[in-house]
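**Student:** One structure, as structure tokens, below. Some questions next.
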Amino acid sequence: MRNTERLCLAHLWLAFVAFVGAAALGAWQMWVRSPLGAHTGTPGEYYMSVTAHGVTMAYVLSTFFIMGFGYFVAVTALNRPLPGKGWAWAGFVVGVIGVLMALVTIALGKASVLYTFYPPLIASPWFYLGLVLVVLASWVWCVLMLVSMAGWKRENPGRPVPLAMFATVANAVMWLWTTVGLAAELFYQVLPAALGFVQTVDVGLSRTLFSWTLHAIVYFWLMPAYIAFYTMVPRAAGGRLYSDTMGRLTFILFLIYSLPVGLHHLLMDPEHGNSFKFIQVLLTAFVTAPTVLTIFTIPASLEIAGRLRGGRGVFGWIVALPWDRPMVLAAGLSFVMLGFGGLGGLINMAYGMNAMIHNTAWVTAHFHLIYGGTSVIMYFAIAYEIWPRLTGRQHQSLAPLRWQLWLWFVGMTVMTLPWHWLGLQGQWRRVANFDYDNPIIASWGPLVIVSLGGGLLLLASALLFVRNLAVLHRSVLPAPARALYALAVDPPQRVPAALNGFGLWNVLVLVVMLLAYGFPIAQFVVAPSPTAIVHRTE
Amino acid sequence: MPEPSQPRVVDRPWRIWPSVAVMAIVLSGALLGILIIPVVQGASAGIDAYTAICRALGILPGSPASPQILNRNPPTPVSQVAWTPSVLQILAEAKPERGRAKVQEVCTACHGEQGVSVSPEFPNLAGQSGTAIYKQLNDYHTGSRTNQFMTDIAKALDETIIADVAAYYAGQPMRNPNPYTLGAPDTIVQLVELGDPNRNIPPCAACHRHGAGGPIDAPVLSEQRQEYLTSQLKMFASGQRRNDVYGRMRAIAAKLTDSEIDGLAAYYRAGLR
């Protein structure tokens, strides 16, 4: 077991150390874009910083956190040792090498292409190869999650897989599907250009393949938050999960509907006709289904806890909840941010409304609120929850933990709500600096300064988070043995085979992906479009 | 024997109904997106159903909801160079040794064998981007750019040897950076790094630096001859030189003051950038 704990801690610490560095870069970018820091730094430095920030947050923090948490769930929820621990460590080492390759290349100024690559911009091949290694490491993790669940099912025939593990495997299966688009883009378009074998890339095809990955990757990041909602929050609040079946359905719906929807990131792109944009926007509308199930199930679970604690009346149960516990507090704050972010997302997916906010700060605000807010605040809560189990030590005081979560929530809200508004005013994204001599841009200045304030709060919160975990390693209080995962009100004795595995759902994903992406990709092969000259950023 | 079959009885509807629901959603999306919406949109715009569907699928250009307006103005390109894959292939297969022979025969007298020019009015070519040299030689060849010496010389070169010469000079090392650059005034450094948004002038560095984000034929400006840069900027400003695609440099140069032109030329005459 000790070895597994070291494995989890290695993944999680790598994720969080990278996270603090990227948070500092984010704060610097806010400074440069504000009237206070205008004209500091060159555009080259700005894009280098944006690339490092995005790559670290999107690929390093998320992937290594999810891997570390997944190993933890596989051992604790299934109550059996992790198979293939050597493979897991090998995957970790490969991932670390990949991260170093990518980040060093960025720091040398040879890969300022942002985390979404933007072909025909082409970075040094070391950058892409580094990311390929990170993806390879994550595939090792996916296989180990599948092997763990299969082993448990062999030992426990007919019994339902614990929800935490079922959800983790759902995420692993989804990630395997998700990375197909990215891998195809890299190996078929970007790497041949980066290595100098070809002088042109098909930008439309590259963007289409990346869109395959681009939306589902967001759900890959979000899934740990939902796993915590369903399996940890009800127990932390002192109640039970309202429905185990709702949980399984939620994760299955995520698997099916997060993949065939990526074209809504290309609504303004000319390489696709309206028909398939429409089909995928319609499917995008169904991604809200699992979130609606969750908005129902989790408050219902919390209501059970609140009433058990003596809450009365329509809202009394909310007051009675133990808000001093980090997991409960984080879930509440996460839900508020999910509300704002989710409503903003509905606007992004609508063809007409998207046209108004396309390429503005609104979009940046949206994904910071959903990923940086809703998801990452739950990463914090999960870390606080599992760290005592990993280290055998207990938090000496919960106050700094609550401070950190509140700081993050306030910082994220103060940063992103003005961004949304500025986006509606037309403030564009992905630009290195603003000319505040221009009266229209000058009128944005005060709100940009407010959002900079939010960014500084986020940096403070990030530092406090790492401090809280570091302090725990030296705590003298031994961790009490207690259950991690919530029981359902009606614990399932047997569930339908469809809700206990992924065979049927993989077939459905394959069919839906063929229908949704078959024509949009095939058109590039049948009638190749004019290619673009690669633009090397080296 | 109802016991063993019971799980299968429970499992079956869980297999069938989700599949039916998911397929119904996708197919109703396809029915609406591929058939109904384009046909209805097309009907109100006077477009026949078949054309509307093809447009919605992206097989035919245009929108199913509005008639396609065609631009019939003949194009008037300022340069005949197009960066097609075949041109890039010629550049990729260029032979610097062949280029060296041609350089020794023709170019050395003015541009120097290593690409360091013999006189301030001729540009340095050492370490210049190959695509930039190719574009300019080609423009001289086709008459898009004119010069009393270069026009005749370039007319005698074919495309392959142009690529060879470009590859040869691109492979010559730049000289050591000259510390003169360090004394450049702030206003000039700002023009290079940030441009002047008030006058709609983009930063020079956005295009004229190795790995910058501009067109691939944008030349590297560092270590260029000051007099040459001054004269070219003035020729762009007056419209005497006009082989810049989309008139980018004509638009920028016309907004620069004489002292800025001198300052920029001095900044780039030799440099770390």
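Within each chain, counting starts at residue 1; across the structure tokens, chains are named A, B, ... in the order shown, with ligands numbered 1 upward in that order.
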Tell me which protein, DNA and RNA residues are within 8 Å of Gln41 of chain B, counting only C-alpha atoms, leaving out same-chain ones fewer than 2 positions away, and put them as a ChimeraX atom specification.
**Tutor:** /B:37-39,43-45,52,64-65
**Student:** Produce a table with one row for each residue of chain B that has an atom at most 7 Å from any atom of chain A, each row naming the nearest atom pair and its distance in Å at one decimal; use only C-alpha atoms; arrange rows by chain and rising residue number; format as CSV.
**Tutor:**
residue,atom,partner,partner_atom,distance
B:Val10,CA,A:Pro496,CA,6.3
B:Asp11,CA,A:Pro496,CA,5.0
B:Trp14,CA,A:Ala498,CA,6.2
B:Arg15,CA,A:Ala498,CA,6.4
B:Ser19,CA,A:Leu508,CA,6.9
B:Gly29,CA,A:Ile279,CA,4.9
B:Ala30,CA,A:Ile279,CA,5.9
B:Gly33,CA,A:Ser275,CA,4.4
B:Ile34,CA,A:Ser275,CA,5.0
B:Arg55,CA,A:Gly273,CA,6.8
B:Ala56,CA,A:Asn274,CA,4.9
B:Leu57,CA,A:Gly273,CA,4.7
B:Gly58,CA,A:Gly273,CA,4.1
B:Pro85,CA,A:Thr200,CA,6.8
B:Leu88,CA,A:Gln199,CA,6.6
B:Glu193,CA,A:Thr42,CA,6.3
B:Pro197,CA,A:Asp435,CA,6.4
B:Gly211,CA,A:Thr537,CA,4.3
B:Ala212,CA,A:Thr537,CA,6.5
**Student:** I want to know what sits within 9 Å of Pro234 of chain A, based on only C-alpha atoms, with residues of the same chain fewer than 3 positions away left out; could you give that as a PDB file with N, CA and C atoms, in the first residue's frame?
**Tutor:**
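So result_35.pdb came out as:
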ATOM      1  N   ALA A 228     -16.497  13.470  -7.185  1.00  0.00           N
ATOM      2  CA  ALA A 228     -16.557  13.931  -5.797  1.00  0.00           C
ATOM      3  C   ALA A 228     -17.991  14.279  -5.405  1.00  0.00           C
ATOM      4  N   PHE A 229     -18.746  14.935  -6.326  1.00  0.00           N
ATOM      5  CA  PHE A 229     -20.142  15.269  -6.015  1.00  0.00           C
ATOM      6  C   PHE A 229     -20.920  14.012  -5.607  1.00  0.00           C
ATOM      7  N   TYR A 230     -20.771  12.953  -6.413  1.00  0.00           N
ATOM      8  CA  TYR A 230     -21.601  11.770  -6.196  1.00  0.00           C
ATOM      9  C   TYR A 230     -21.096  10.885  -5.070  1.00  0.00           C
ATOM     10  N   THR A 231     -19.762  10.778  -4.918  1.00  0.00           N
ATOM     11  CA  THR A 231     -19.273   9.750  -4.004  1.00  0.00           C
ATOM     12  C   THR A 231     -18.675  10.315  -2.729  1.00  0.00           C
ATOM     13  N   ALA A 237     -21.091  15.454   4.046  1.00  0.00           N
ATOM     14  CA  ALA A 237     -22.184  16.239   4.631  1.00  0.00           C
ATOM     15  C   ALA A 237     -22.928  15.440   5.700  1.00  0.00           C
ATOM     16  N   GLY A 238     -22.587  14.161   5.819  1.00  0.00           N
ATOM     17  CA  GLY A 238     -23.249  13.343   6.830  1.00  0.00           C
ATOM     18  C   GLY A 238     -24.531  12.704   6.339  1.00  0.00           C
ATOM     19  N   GLY A 239     -24.662  12.526   5.022  1.00  0.00           N
ATOM     20  CA  GLY A 239     -25.880  11.916   4.504  1.00  0.00           C
ATOM     21  C   GLY A 239     -25.569  10.750   3.587  1.00  0.00           C
ATOM     22  N   ARG A 240     -26.470  10.496   2.675  1.00  0.00           N
ATOM     23  CA  ARG A 240     -26.292   9.402   1.730  1.00  0.00           C
ATOM     24  C   ARG A 240     -26.561   9.894   0.312  1.00  0.00           C
ATOM     25  N   LEU A 241     -26.065   9.134  -0.662  1.00  0.00           N
ATOM     26  CA  LEU A 241     -26.330   9.488  -2.059  1.00  0.00           C
ATOM     27  C   LEU A 241     -27.782   9.151  -2.380  1.00  0.00           C
ATOM     28  N   TYR A 242     -28.490  10.106  -2.970  1.00  0.00           N
ATOM     29  CA  TYR A 242     -29.914   9.927  -3.226  1.00  0.00           C
ATOM     30  C   TYR A 242     -30.160   8.751  -4.171  1.00  0.00           C
ATOM     31  N   ILE A 298     -27.610  15.725  -6.420  1.00  0.00           N
ATOM     32  CA  ILE A 298     -26.712  16.131  -5.341  1.00  0.00           C
ATOM     33  C   ILE A 298     -27.433  16.997  -4.308  1.00  0.00           C
ATOM     34  N   SER A 301     -29.362  14.681  -2.231  1.00  0.00           N
ATOM     35  CA  SER A 301     -28.520  13.985  -1.255  1.00  0.00           C
ATOM     36  C   SER A 301     -28.198  14.910  -0.083  1.00  0.00           C
ATOM     37  N   LEU A 302     -27.896  16.178  -0.424  1.00  0.00           N
ATOM     38  CA  LEU A 302     -27.557  17.127   0.642  1.00  0.00           C
ATOM     39  C   LEU A 302     -28.782  17.411   1.517  1.00  0.00           C
ATOM     40  N   ILE A 304     -31.018  15.275   2.310  1.00  0.00           N
ATOM     41  CA  ILE A 304     -31.090  14.162   3.272  1.00  0.00           C
ATOM     42  C   ILE A 304     -30.162  14.468   4.450  1.00  0.00           C
ATOM     43  N   ALA A 305     -28.921  14.901   4.131  1.00  0.00           N
ATOM     44  CA  ALA A 305     -27.952  15.193   5.188  1.00  0.00           C
ATOM     45  C   ALA A 305     -28.454  16.326   6.065  1.00  0.00           C
ATOM     46  N   VAL A 328     -17.807  19.977   1.684  1.00  0.00           N
ATOM     47  CA  VAL A 328     -19.164  20.512   1.539  1.00  0.00           C
ATOM     48  C   VAL A 328     -19.104  21.949   1.029  1.00  0.00           C
ATOM     49  N   TYR A 485     -16.224   7.063   0.905  1.00  0.00           N
ATOM     50  CA  TYR A 485     -17.249   7.145  -0.129  1.00  0.00           C
ATOM     51  C   TYR A 485     -18.645   7.020   0.466  1.00  0.00           C
ATOM     52  N   ALA A 486     -19.582   7.734  -0.133  1.00  0.00           N
ATOM     53  CA  ALA A 486     -20.950   7.755   0.358  1.00  0.00           C
ATOM     54  C   ALA A 486     -21.675   6.464  -0.006  1.00  0.00           C
ATOM     55  N   LEU A 487     -22.536   6.003   0.891  1.00  0.00           N
ATOM     56  CA  LEU A 487     -23.454   4.925   0.552  1.00  0.00           C
ATOM     57  C   LEU A 487     -24.677   5.542  -0.102  1.00  0.00           C
TER      58      LEU A 487
END
**Student:** Among segment 338-515 of chain A, which residues carry a DSSP assignment of helix (DSSP H, G or I), reported as a ChimeraX atom specification?
**Tutor:** /A:338-349,351-357,361-391,399-425,439-472,497-499,503-515
**Student:** Just the residues within 8 Å of Ala77 of chain A, please, counting only C-alpha atoms, with nothing from its chain fewer than 6 positions along; format it as a list in words.
**Tutor:**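 Neighbouring residues, sequence-local ones excluded: Pro162, Ala164, Met165 and Tyr485 of chain A.
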**Student:** Using 12 Å as the limit and counting only C-alpha atoms, can you tabulate each residue of segment 34-149 of chain B that touches segment 260-271 of chain B, with its shortest atom-to-atom distance in Å and the two atoms involved, as CSV?
**Tutor:**
residue,atom,partner,partner_atom,distance
B:Val116,CA,B:Ala270,CA,11.9
B:Pro120,CA,B:Arg269,CA,10.2
B:Pro123,CA,B:Arg269,CA,10.3
B:Asn124,CA,B:Arg269,CA,9.9
**Student:** As a list in words, please: the residues near Pro203 of chain B (cut-off 9 Å, only C-alpha atoms, same-chain neighbours under 3 positions excluded).
**Tutor:** Gln190, Leu191, Val192, Glu193, Leu194, Gly195, Asp196, Pro197, Ala206 and Cys207 of chain B
**Student:** Filtering to C-alpha atoms, could you give me those residues as a short mmCIF file (atom, residue, chain, number, x, y, z; two decimals), in the first residue's frame?
**Tutor:**
data_model
loop_
_atom_site.label_atom_id
_atom_site.label_comp_id
_atom_site.auth_asym_id
_atom_site.auth_seq_id
_atom_site.Cartn_x
_atom_site.Cartn_y
_atom_site.Cartn_z
CA GLN B 190 8.58 50.68 -28.96
CA LEU B 191 7.76 51.00 -32.64
CA VAL B 192 9.65 47.77 -33.29
CA GLU B 193 8.18 45.82 -30.39
CA LEU B 194 4.67 47.23 -29.96
CA GLY B 195 3.99 49.36 -33.03
CA ASP B 196 1.78 52.38 -32.64
CA PRO B 197 -1.88 51.36 -32.44
CA ALA B 206 5.56 40.94 -35.69
CA CYS B 207 6.81 40.01 -39.18
#
**Student:** Please measure the separation of atom CA of Gly183 of chain B and atom CA of Asn200 of chain B, giving the value in Å to one decimal.
**Tutor:**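 Computed distance, atom CA of Gly183 of chain B to atom CA of Asn200 of chain B, equals 25.9 Å.
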**Student:** If I take atom CA of Ser443 of chain A and atom CA of Ala460 of chain A, how far is one from the other in Å, to one decimal?
**Tutor:**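 Separation between atom CA of Ser443 of chain A and atom CA of Ala460 of chain A: 27.9 Å.
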**Student:** Enter the distance from atom CA of Pro75 of chain B to atom CA of Gly62 of chain B, in Å, rounded to one decimal.
**Tutor:**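 Atom CA of Gly62 of chain B lies at a distance of 20.7 Å from atom CA of Pro75 of chain B.
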